[in-house]
$ cat input-v1.cif   # mmCIF, C-alpha atoms
data_protein
loop_
_atom_site.group_PDB
_atom_site.id
_atom_site.type_symbol
_atom_site.label_atom_id
_atom_site.label_comp_id
_atom_site.auth_asym_id
_atom_site.auth_seq_id
_atom_site.Cartn_x
_atom_site.Cartn_y
_atom_site.Cartn_z
ATOM 1 C CA MET A 1 85.384 66.949 95.908
ATOM 2 C CA PRO A 2 87.225 67.640 92.668
ATOM 3 C CA SER A 3 88.081 71.180 93.695
ATOM 4 C CA MET A 4 89.940 70.005 96.765
ATOM 5 C CA SER A 5 92.111 67.608 94.765
ATOM 6 C CA ALA A 6 92.785 70.302 92.136
ATOM 7 C CA HIS A 7 93.805 72.714 94.874
ATOM 8 C CA LEU A 8 96.067 70.084 96.433
ATOM 9 C CA ALA A 9 97.648 69.317 93.045
ATOM 10 C CA LEU A 10 98.311 73.009 92.396
ATOM 11 C CA THR A 11 99.896 73.543 95.793
ATOM 12 C CA GLN A 12 102.219 70.608 95.152
ATOM 13 C CA LEU A 13 103.180 71.802 91.648
ATOM 14 C CA ILE A 14 103.940 75.403 92.601
ATOM 15 C CA PRO A 15 107.208 74.593 94.431
ATOM 16 C CA PHE A 16 108.435 72.645 91.373
ATOM 17 C CA ALA A 17 107.676 75.604 89.123
ATOM 18 C CA ALA A 18 109.418 77.978 91.548
ATOM 19 C CA GLU A 19 112.599 75.896 91.437
ATOM 20 C CA GLU A 20 112.764 76.126 87.637
ATOM 21 C CA LEU A 21 112.044 79.874 87.627
ATOM 22 C CA ASP A 22 115.055 82.041 86.893
ATOM 23 C CA LYS A 23 115.110 84.867 89.439
ATOM 24 C CA ASN A 24 117.062 87.159 87.067
ATOM 25 C CA LYS A 25 114.533 86.914 84.240
ATOM 26 C CA VAL A 26 111.356 88.979 84.256
ATOM 27 C CA THR A 27 108.440 88.028 82.006
ATOM 28 C CA PRO A 28 104.988 89.618 81.649
ATOM 29 C CA GLY A 29 103.205 86.316 82.170
ATOM 30 C CA VAL A 30 99.597 85.481 81.519
ATOM 31 C CA LEU A 31 98.273 88.694 83.077
ATOM 32 C CA GLY A 32 100.405 90.787 80.719
ATOM 33 C CA PHE A 33 99.107 88.845 77.734
ATOM 34 C CA VAL A 34 95.488 89.244 78.853
ATOM 35 C CA VAL A 35 95.905 92.997 79.362
ATOM 36 C CA PHE A 36 97.595 93.354 75.966
ATOM 37 C CA ALA A 37 94.878 91.293 74.265
ATOM 38 C CA VAL A 38 92.112 93.386 75.854
ATOM 39 C CA LEU A 39 93.814 96.626 74.816
ATOM 40 C CA ALA A 40 94.365 95.363 71.267
ATOM 41 C CA GLY A 41 90.723 94.261 71.017
ATOM 42 C CA SER A 42 89.531 97.604 72.343
ATOM 43 C CA VAL A 43 91.619 99.548 69.829
ATOM 44 C CA TRP A 44 90.341 97.342 67.000
ATOM 45 C CA LEU A 45 86.712 97.928 68.039
ATOM 46 C CA LEU A 46 87.293 101.684 68.359
ATOM 47 C CA MET A 47 88.857 101.844 64.891
ATOM 48 C CA LYS A 48 85.970 99.854 63.421
ATOM 49 C CA SER A 49 83.460 102.207 65.062
ATOM 50 C CA MET A 50 85.391 105.283 63.906
ATOM 51 C CA ASN A 51 85.430 104.056 60.306
ATOM 52 C CA ARG A 52 81.680 103.444 60.452
ATOM 53 C CA HIS A 53 81.026 106.931 61.844
ATOM 54 C CA MET A 54 83.378 108.632 59.377
ATOM 55 C CA GLY A 55 81.480 106.956 56.547
ATOM 56 C CA ARG A 56 78.295 108.679 57.693
ATOM 57 C CA VAL A 57 79.821 112.169 57.800
ATOM 58 C CA SER A 58 78.794 114.517 55.018
ATOM 59 C CA PHE A 59 81.680 116.781 54.032
ATOM 60 C CA GLU A 60 79.498 119.094 51.942
ATOM 61 C CA GLU A 61 79.218 122.457 53.618
ATOM 62 C CA ALA A 62 75.680 123.801 53.976
ATOM 63 C CA PRO A 63 75.088 127.318 52.600
ATOM 64 C CA ASP A 64 75.212 130.085 55.174
ATOM 65 C CA PRO A 65 71.621 131.284 55.777
ATOM 66 C CA SER A 66 72.808 134.669 57.105
ATOM 67 C CA ALA A 67 74.576 135.520 53.821
ATOM 68 C CA THR A 68 72.625 137.993 51.729
ATOM 69 C CA PRO A 69 72.624 137.846 47.922
ATOM 70 C CA ASP A 70 73.849 141.470 47.653
ATOM 71 C CA THR A 71 77.257 140.812 49.247
ATOM 72 C CA PRO A 72 80.256 141.640 46.994
ATOM 73 C CA ALA A 73 81.165 137.952 46.594
ATOM 74 C CA ALA A 74 77.649 137.134 45.367
ATOM 75 C CA THR A 75 77.514 139.778 42.590
ATOM 76 C CA PRO A 76 79.223 138.293 39.528
ATOM 77 C CA GLY A 77 79.183 141.423 37.319
ATOM 78 C CA LYS A 78 81.111 143.843 39.497
#

$ encode --input "input-v1.cif" --output "structure tokens"
Amino acid sequence: MPSMSAHLALTQLIPFAAEELDKNKVTPGVLGFVVFAVLAGSVWLLMKSMNRHMGRVSFEEAPDPSATPDTPAATPGK
């Protein structure tokens, strides 16, 4: 029963940790670090994906098929 002894050890250590805890000091703790790490990892993955997708984008504009060759902009001589 290793889980029972681990649980018993944790319940005995928690009061010692509570005595050393300063009640006027607030810290984010492990949960804050985990949330920050997950957010940072997510932003990094999103930026990596965005860079990959932006590399595939063609910035050359396709010619307009509805434009006719007799429009004033298309006639060079006049």

$ atom_distance --input "input-v1.cif" --atom1 "CA of Leu46 (chain A)" --atom2 "CA of Glu61 (chain A)"
26.7 Å

$ atom_distance --input "input-v1.cif" --atom1 "CA of Asn51 (chain A)" --atom2 "CA of Ala37 (chain A)"
21.1 Å

$ atom_distance --input "input-v1.cif" --atom1 "CA of Val43 (chain A)" --atom2 "CA of Glu60 (chain A)"
29.1 Å

$ build_atoms --input "input-v1.cif" --residues "region 28-44 of chain A" --atoms "N, CA, C and O atoms" --output "JSON list (two decimals), in the frame of the given file"
[["chain", "number", "residue", "atom", "x", "y", "z"],
["A", 28, "PRO", "N", 106.30, 89.04, 81.36],
["A", 28, "PRO", "CA", 104.99, 89.62, 81.65],
["A", 28, "PRO", "C", 103.97, 88.59, 82.13],
["A", 28, "PRO", "O", 103.05, 88.92, 82.86],
["A", 29, "GLY", "N", 104.11, 87.36, 81.71],
["A", 29, "GLY", "CA", 103.20, 86.32, 82.17],
["A", 29, "GLY", "C", 101.84, 86.37, 81.51],
["A", 29, "GLY", "O", 101.61, 87.08, 80.53],
["A", 30, "VAL", "N", 100.94, 85.60, 82.07],
["A", 30, "VAL", "CA", 99.60, 85.48, 81.52],
["A", 30, "VAL", "C", 98.82, 86.79, 81.69],
["A", 30, "VAL", "O", 98.09, 87.21, 80.80],
["A", 31, "LEU", "N", 98.99, 87.44, 82.83],
["A", 31, "LEU", "CA", 98.27, 88.69, 83.08],
["A", 31, "LEU", "C", 98.67, 89.75, 82.05],
["A", 31, "LEU", "O", 97.82, 90.49, 81.54],
["A", 32, "GLY", "N", 99.95, 89.84, 81.73],
["A", 32, "GLY", "CA", 100.40, 90.79, 80.72],
["A", 32, "GLY", "C", 99.80, 90.50, 79.36],
["A", 32, "GLY", "O", 99.41, 91.41, 78.63],
["A", 33, "PHE", "N", 99.71, 89.21, 79.01],
["A", 33, "PHE", "CA", 99.11, 88.84, 77.73],
["A", 33, "PHE", "C", 97.63, 89.20, 77.71],
["A", 33, "PHE", "O", 97.12, 89.72, 76.71],
["A", 34, "VAL", "N", 96.92, 88.94, 78.79],
["A", 34, "VAL", "CA", 95.49, 89.24, 78.85],
["A", 34, "VAL", "C", 95.26, 90.75, 78.73],
["A", 34, "VAL", "O", 94.38, 91.20, 77.98],
["A", 35, "VAL", "N", 96.05, 91.54, 79.44],
["A", 35, "VAL", "CA", 95.90, 93.00, 79.36],
["A", 35, "VAL", "C", 96.20, 93.48, 77.95],
["A", 35, "VAL", "O", 95.46, 94.31, 77.41],
["A", 36, "PHE", "N", 97.26, 92.96, 77.33],
["A", 36, "PHE", "CA", 97.60, 93.35, 75.97],
["A", 36, "PHE", "C", 96.49, 92.96, 74.99],
["A", 36, "PHE", "O", 96.12, 93.73, 74.10],
["A", 37, "ALA", "N", 95.94, 91.76, 75.15],
["A", 37, "ALA", "CA", 94.88, 91.29, 74.26],
["A", 37, "ALA", "C", 93.62, 92.16, 74.41],
["A", 37, "ALA", "O", 92.96, 92.49, 73.42],
["A", 38, "VAL", "N", 93.29, 92.54, 75.63],
["A", 38, "VAL", "CA", 92.11, 93.39, 75.85],
["A", 38, "VAL", "C", 92.33, 94.77, 75.24],
["A", 38, "VAL", "O", 91.43, 95.32, 74.59],
["A", 39, "LEU", "N", 93.52, 95.33, 75.41],
["A", 39, "LEU", "CA", 93.81, 96.63, 74.82],
["A", 39, "LEU", "C", 93.79, 96.56, 73.29],
["A", 39, "LEU", "O", 93.24, 97.45, 72.63],
["A", 40, "ALA", "N", 94.36, 95.51, 72.72],
["A", 40, "ALA", "CA", 94.36, 95.36, 71.27],
["A", 40, "ALA", "C", 92.94, 95.21, 70.74],
["A", 40, "ALA", "O", 92.57, 95.80, 69.72],
["A", 41, "GLY", "N", 92.12, 94.42, 71.42],
["A", 41, "GLY", "CA", 90.72, 94.26, 71.02],
["A", 41, "GLY", "C", 89.94, 95.56, 71.12],
["A", 41, "GLY", "O", 89.13, 95.88, 70.25],
["A", 42, "SER", "N", 90.21, 96.32, 72.17],
["A", 42, "SER", "CA", 89.53, 97.60, 72.34],
["A", 42, "SER", "C", 89.90, 98.58, 71.23],
["A", 42, "SER", "O", 89.04, 99.28, 70.70],
["A", 43, "VAL", "N", 91.18, 98.64, 70.89],
["A", 43, "VAL", "CA", 91.62, 99.55, 69.83],
["A", 43, "VAL", "C", 91.00, 99.13, 68.50],
["A", 43, "VAL", "O", 90.55, 99.97, 67.71],
["A", 44, "TRP", "N", 90.94, 97.83, 68.24],
["A", 44, "TRP", "CA", 90.34, 97.34, 67.00],
["A", 44, "TRP", "C", 88.86, 97.73, 66.92],
["A", 44, "TRP", "O", 88.39, 98.19, 65.88]]
